[in-house]
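Enquirer: So here's start.cif, just mmCIF, C-alpha atoms, pLDDT in the B column; chains and numbers go by the auth columns:
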```cif
data_upload
#
loop_
_atom_site.group_PDB
_atom_site.id
_atom_site.type_symbol
_atom_site.label_atom_id
_atom_site.label_comp_id
_atom_site.label_asym_id
_atom_site.label_seq_id
_atom_site.Cartn_x
_atom_site.Cartn_y
_atom_site.Cartn_z
_atom_site.B_iso_or_equiv
_atom_site.auth_seq_id
_atom_site.auth_asym_id
ATOM 1 C CA MET A 1 24.087 -21.396 193.032 73.00 418 A
ATOM 2 C CA GLY A 2 22.483 -18.529 191.122 77.00 419 A
ATOM 3 C CA SER A 3 23.446 -16.000 193.784 85.00 420 A
ATOM 4 C CA ILE A 4 27.046 -17.179 193.807 87.00 421 A
ATOM 5 C CA SER A 5 27.332 -16.853 190.036 84.00 422 A
ATOM 6 C CA VAL A 6 25.838 -13.340 190.189 84.00 423 A
ATOM 7 C CA LEU A 7 28.445 -12.372 192.782 88.00 424 A
ATOM 8 C CA ILE A 8 31.271 -13.876 190.746 88.00 425 A
ATOM 9 C CA SER A 9 30.167 -12.285 187.479 87.00 426 A
ATOM 10 C CA SER A 10 29.640 -8.903 189.213 88.00 427 A
ATOM 11 C CA PHE A 11 33.123 -9.091 190.692 88.00 428 A
ATOM 12 C CA LEU A 12 34.695 -9.993 187.321 88.00 429 A
ATOM 13 C CA ILE A 13 32.796 -7.225 185.529 89.00 430 A
ATOM 14 C CA LYS A 14 33.595 -4.541 188.136 88.00 431 A
ATOM 15 C CA TYR A 15 37.295 -5.274 188.641 91.00 432 A
ATOM 16 C CA TYR A 16 38.385 -6.857 185.356 89.00 433 A
ATOM 17 C CA ASP A 17 35.786 -5.466 182.901 89.00 434 A
ATOM 18 C CA LEU A 18 34.905 -9.012 181.711 89.00 435 A
ATOM 19 C CA THR A 19 31.341 -8.307 180.567 90.00 436 A
ATOM 20 C CA PHE A 20 30.918 -11.686 178.913 90.00 437 A
ATOM 21 C CA THR A 21 30.915 -13.427 182.307 89.00 438 A
ATOM 22 C CA ASP A 22 27.314 -12.449 183.073 89.00 439 A
ATOM 23 C CA PRO A 23 25.751 -14.286 180.086 92.00 440 A
ATOM 24 C CA LEU A 24 28.267 -17.092 180.552 92.00 441 A
ATOM 25 C CA CYS A 25 27.207 -17.576 184.186 90.00 442 A
ATOM 26 C CA SER A 26 23.556 -17.466 183.134 91.00 443 A
ATOM 27 C CA LEU A 27 24.209 -20.147 180.527 93.00 444 A
ATOM 28 C CA VAL A 28 26.029 -22.352 183.057 91.00 445 A
ATOM 29 C CA ILE A 29 23.165 -22.006 185.555 92.00 446 A
ATOM 30 C CA SER A 30 20.636 -22.844 182.841 92.00 447 A
ATOM 31 C CA LEU A 31 22.588 -25.956 181.869 93.00 448 A
ATOM 32 C CA LEU A 32 22.827 -27.060 185.511 92.00 449 A
ATOM 33 C CA ILE A 33 19.081 -26.622 185.959 92.00 450 A
ATOM 34 C CA LEU A 34 18.378 -28.563 182.766 92.00 451 A
ATOM 35 C CA TYR A 35 20.778 -31.311 183.840 93.00 452 A
ATOM 36 C CA SER A 36 19.160 -31.674 187.263 93.00 453 A
ATOM 37 C CA THR A 37 15.578 -31.688 185.920 94.00 454 A
ATOM 38 C CA TRP A 38 16.234 -33.928 182.894 93.00 455 A
ATOM 39 C CA PRO A 39 15.260 -37.245 184.600 91.00 456 A
ATOM 40 C CA VAL A 40 11.973 -35.776 185.834 90.00 457 A
ATOM 41 C CA LEU A 41 11.220 -34.272 182.428 89.00 458 A
ATOM 42 C CA LYS A 42 12.068 -37.529 180.663 86.00 459 A
ATOM 43 C CA ASN A 43 9.885 -39.693 182.940 80.00 460 A
ATOM 44 C CA SER A 44 6.981 -37.247 182.761 82.00 461 A
ATOM 45 C CA THR A 45 7.113 -37.203 178.977 83.00 462 A
ATOM 46 C CA LYS A 46 7.165 -40.993 178.815 76.00 463 A
ATOM 47 C CA THR A 47 4.173 -41.196 181.138 73.00 464 A
ATOM 48 C CA LEU A 48 2.209 -38.610 179.180 78.00 465 A
ATOM 49 C CA LEU A 49 2.915 -40.365 175.895 78.00 466 A
ATOM 50 C CA HIS A 50 2.074 -43.813 177.339 71.00 467 A
ATOM 51 C CA PHE A 51 5.554 -44.993 176.494 72.00 468 A
ATOM 52 C CA LEU A 52 6.217 -48.656 177.165 74.00 469 A
ATOM 53 C CA PRO A 53 9.735 -49.728 178.052 73.00 470 A
ATOM 54 C CA ASP A 54 11.097 -52.710 176.100 75.00 471 A
ATOM 55 C CA LYS A 55 10.531 -54.942 179.123 79.00 472 A
ATOM 56 C CA MET A 56 6.832 -53.988 179.173 80.00 473 A
ATOM 57 C CA GLU A 57 6.515 -54.427 175.407 83.00 474 A
ATOM 58 C CA ARG A 58 7.759 -58.008 175.746 86.00 475 A
ATOM 59 C CA LYS A 59 5.415 -58.560 178.689 85.00 476 A
ATOM 60 C CA LYS A 60 2.495 -57.259 176.612 87.00 477 A
ATOM 61 C CA LYS A 61 3.239 -59.714 173.787 89.00 478 A
ATOM 62 C CA LYS A 62 3.602 -62.564 176.267 91.00 479 A
ATOM 63 C CA ILE A 63 0.256 -61.765 177.897 91.00 480 A
ATOM 64 C CA GLU A 64 -1.442 -61.445 174.524 90.00 481 A
ATOM 65 C CA ASN A 65 -0.128 -64.872 173.468 91.00 482 A
ATOM 66 C CA GLU A 66 -1.239 -66.472 176.722 92.00 483 A
ATOM 67 C CA ILE A 67 -4.742 -65.008 176.407 91.00 484 A
ATOM 68 C CA SER A 68 -5.031 -66.073 172.762 89.00 485 A
ATOM 69 C CA LYS A 69 -4.307 -69.673 173.756 90.00 486 A
ATOM 70 C CA LEU A 70 -7.119 -69.804 176.322 88.00 487 A
ATOM 71 C CA ASN A 71 -9.869 -70.594 173.866 86.00 488 A
ATOM 72 C CA PRO A 72 -9.914 -70.952 170.064 87.00 489 A
ATOM 73 C CA ARG A 73 -13.111 -68.850 169.942 86.00 490 A
ATOM 74 C CA LEU A 74 -11.397 -65.829 171.495 88.00 491 A
ATOM 75 C CA ILE A 75 -10.542 -62.842 169.333 89.00 492 A
ATOM 76 C CA ILE A 76 -8.613 -60.013 170.946 90.00 493 A
ATOM 77 C CA GLN A 77 -10.048 -56.831 169.488 90.00 494 A
ATOM 78 C CA GLU A 78 -8.297 -54.225 171.641 90.00 495 A
ATOM 79 C CA PHE A 79 -5.325 -54.653 173.908 89.00 496 A
ATOM 80 C CA GLU A 80 -3.703 -51.655 175.578 87.00 497 A
ATOM 81 C CA LEU A 81 -1.108 -51.744 178.286 84.00 498 A
ATOM 82 C CA TRP A 82 0.421 -48.663 179.842 79.00 499 A
ATOM 83 C CA VAL A 83 2.485 -47.674 182.819 77.00 500 A
ATOM 84 C CA LEU A 84 0.960 -45.076 185.145 74.00 501 A
ATOM 85 C CA ASN A 85 3.951 -44.937 187.459 71.00 502 A
ATOM 86 C CA GLU A 86 6.756 -47.184 188.656 69.00 503 A
ATOM 87 C CA ASP A 87 4.373 -49.486 190.542 73.00 504 A
ATOM 88 C CA LYS A 88 1.172 -49.360 188.543 79.00 505 A
ATOM 89 C CA ILE A 89 0.612 -51.090 185.208 81.00 506 A
ATOM 90 C CA VAL A 90 -2.843 -50.887 183.684 84.00 507 A
ATOM 91 C CA ILE A 91 -4.323 -53.065 180.968 87.00 508 A
ATOM 92 C CA GLU A 92 -7.442 -52.550 178.895 90.00 509 A
ATOM 93 C CA LEU A 93 -8.712 -55.581 177.043 91.00 510 A
ATOM 94 C CA LYS A 94 -11.664 -56.043 174.733 92.00 511 A
ATOM 95 C CA ILE A 95 -12.361 -59.602 173.662 90.00 512 A
ATOM 96 C CA ILE A 96 -14.907 -61.024 171.253 89.00 513 A
ATOM 97 C CA LEU A 97 -16.126 -64.530 171.876 86.00 514 A
ATOM 98 C CA GLU A 98 -17.342 -66.148 168.671 85.00 515 A
ATOM 99 C CA LYS A 99 -20.869 -67.482 168.958 81.00 516 A
ATOM 100 C CA GLU A 100 -21.668 -71.163 169.125 79.00 517 A
ATOM 101 C CA GLU A 101 -24.817 -73.108 169.808 80.00 518 A
ATOM 102 C CA GLU A 102 -24.986 -73.124 173.581 79.00 519 A
ATOM 103 C CA THR A 103 -27.385 -72.169 176.282 85.00 520 A
ATOM 104 C CA ILE A 104 -27.208 -68.791 177.978 85.00 521 A
ATOM 105 C CA GLU A 105 -26.031 -70.460 181.166 89.00 522 A
ATOM 106 C CA GLU A 106 -23.187 -72.229 179.349 88.00 523 A
ATOM 107 C CA GLU A 107 -22.163 -68.957 177.714 87.00 524 A
ATOM 108 C CA ILE A 108 -22.192 -67.118 181.040 87.00 525 A
ATOM 109 C CA ASN A 109 -20.102 -69.844 182.641 90.00 526 A
ATOM 110 C CA LEU A 110 -17.644 -69.781 179.738 89.00 527 A
ATOM 111 C CA ARG A 111 -17.276 -66.000 179.988 90.00 528 A
ATOM 112 C CA ARG A 112 -16.761 -66.233 183.738 91.00 529 A
ATOM 113 C CA GLU A 113 -14.167 -68.971 183.268 92.00 530 A
ATOM 114 C CA ILE A 114 -12.329 -66.940 180.608 91.00 531 A
ATOM 115 C CA ARG A 115 -12.366 -63.816 182.780 92.00 532 A
ATOM 116 C CA ASN A 116 -10.968 -65.784 185.744 93.00 533 A
ATOM 117 C CA LYS A 117 -8.206 -67.256 183.596 93.00 534 A
ATOM 118 C CA ILE A 118 -7.325 -63.827 182.203 92.00 535 A
ATOM 119 C CA ASN A 119 -7.207 -62.383 185.722 92.00 536 A
ATOM 120 C CA LYS A 120 -4.884 -65.194 186.734 93.00 537 A
ATOM 121 C CA ILE A 121 -2.597 -64.503 183.763 92.00 538 A
ATOM 122 C CA LEU A 122 -2.539 -60.804 184.633 90.00 539 A
ATOM 123 C CA LYS A 123 -1.852 -61.505 188.294 90.00 540 A
ATOM 124 C CA ASN A 124 1.049 -63.789 187.338 90.00 541 A
ATOM 125 C CA ASN A 125 2.446 -60.931 185.273 86.00 542 A
ATOM 126 C CA GLU A 126 2.129 -58.455 188.163 83.00 543 A
ATOM 127 C CA ILE A 127 -0.702 -56.426 186.655 85.00 544 A
ATOM 128 C CA LYS A 128 -3.187 -55.351 189.282 80.00 545 A
ATOM 129 C CA GLU A 129 -5.321 -52.853 187.399 84.00 546 A
ATOM 130 C CA ASN A 130 -7.362 -54.081 184.456 87.00 547 A
ATOM 131 C CA PHE A 131 -10.459 -53.396 182.420 88.00 548 A
ATOM 132 C CA ILE A 132 -11.761 -56.458 180.631 88.00 549 A
ATOM 133 C CA GLN A 133 -14.742 -56.506 178.320 89.00 550 A
ATOM 134 C CA ILE A 134 -15.941 -59.760 176.763 85.00 551 A
ATOM 135 C CA ASN A 135 -18.524 -59.507 173.978 84.00 552 A
#
```
Write the structure described by the file as structure tokens, please.

Expert:
Amino acid sequence: MGSISVLISSFLIKYYDLTFTDPLCSLVISLLILYSTWPVLKNSTKTLLHFLPDKMERKKKKIENEISKLNPRLIIQEFELWVLNEDKIVIELKIILEKEEETIEEEINLRREIRNKINKILKNNEIKENFIQIN
């Protein structure tokens, strides 16, 4: 496309003395390049800025509500969800479990049960990659 516009502008300049055609052709080529690369640029920027589409924002709130309802002692301290690419959604979750009088074994079992339930919630919401920390 660039070569064709150079030929056209050269022809117009040589035979008709239309010197403005060279910058005009350059501008048209630049606009065509920008137009063709815009989707790639837009998606890359969204990925770099950890942009969440509206659909994902709703999904994040839904997951957060479901996790909050698992146990009244649960406090969600950090909850990040981001899209790495079209197929990969990642979640990072830091949960605090309020202390109660229980044995170490009961606490371990409770944490394991909570982690399993959270994994099930995430799996139901099509999230395969996760980092969960329960304190």

Enquirer: Ranking A:Ile521, A:Ile538, A:Ile531, A:Leu469 by minimum distance to Arg490 of chain A and counting only C-alpha atoms, which one comes first?

Expert: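 Closest to Arg490 of chain A of all the choices is A:Ile531.
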
Enquirer: Here is a test: counting all atoms listed in the file, which residue of A:Leu498, A:Glu543, A:Lys511, A:Ile551 is nearest to Leu527 of chain A?

Expert: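 The shortest atom-to-atom distance to Leu527 of chain A comes from A:Ile551.
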
Enquirer: Expand the PyMOL selection byres ((chain A and resi 443-446) around 12) into the individual residues it matches in the shown file, reporting them as number ranges by chain.

Expert: A: 418-426, 437-442, 447-453

Enquirer: Given the file above and the PyMOL selection byres ((chain A and resi 514) around 7), which residues are selected, and can you give them as a ChimeraX atom specification?

Expert: /A:490-492,512-513,515-516,551-552

Enquirer: May I ask which of the residues A:Leu501, A:Lys478, A:Leu510, A:Ser485 is the closest one to Asn460 of chain A, counting only C-alpha atoms?

Expert: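 Between A:Leu501, A:Lys478, A:Leu510, A:Ser485, the residue approaching Asn460 of chain A most closely is A:Leu501.
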
Enquirer: Hey, can you check how far atom CA of Ile549 of chain A sits from atom CA of Arg475 of chain A?

Expert: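 Result for atom CA of Ile549 of chain A versus atom CA of Arg475 of chain A: 20.2 Å, one decimal.
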
Enquirer: Quote the spacing between atom CA of Glu495 of chain A and atom CA of Leu465 of chain A in Å to one decimal place.

Expert: 20.3 Å

Enquirer: With all atoms of segment 454-458 of chain A from the file as input, state the centre and edge lengths in Å to one decimal of the axis-aligned box that has 6 Å extra on each side, as JSON.

Expert:
```
{"center_x": 13.7, "center_y": -34.5, "center_z": 184.2, "size_x": 17.0, "size_y": 17.6, "size_z": 15.5}
```

Enquirer: Go ahead and compute the interatomic distance for atom CA of Lys540 of chain A and atom CA of Thr462 of chain A, in Å to one decimal.

Expert: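 If I compute the distance from atom CA of Lys540 of chain A to atom CA of Thr462 of chain A, I get 27.5 Å.
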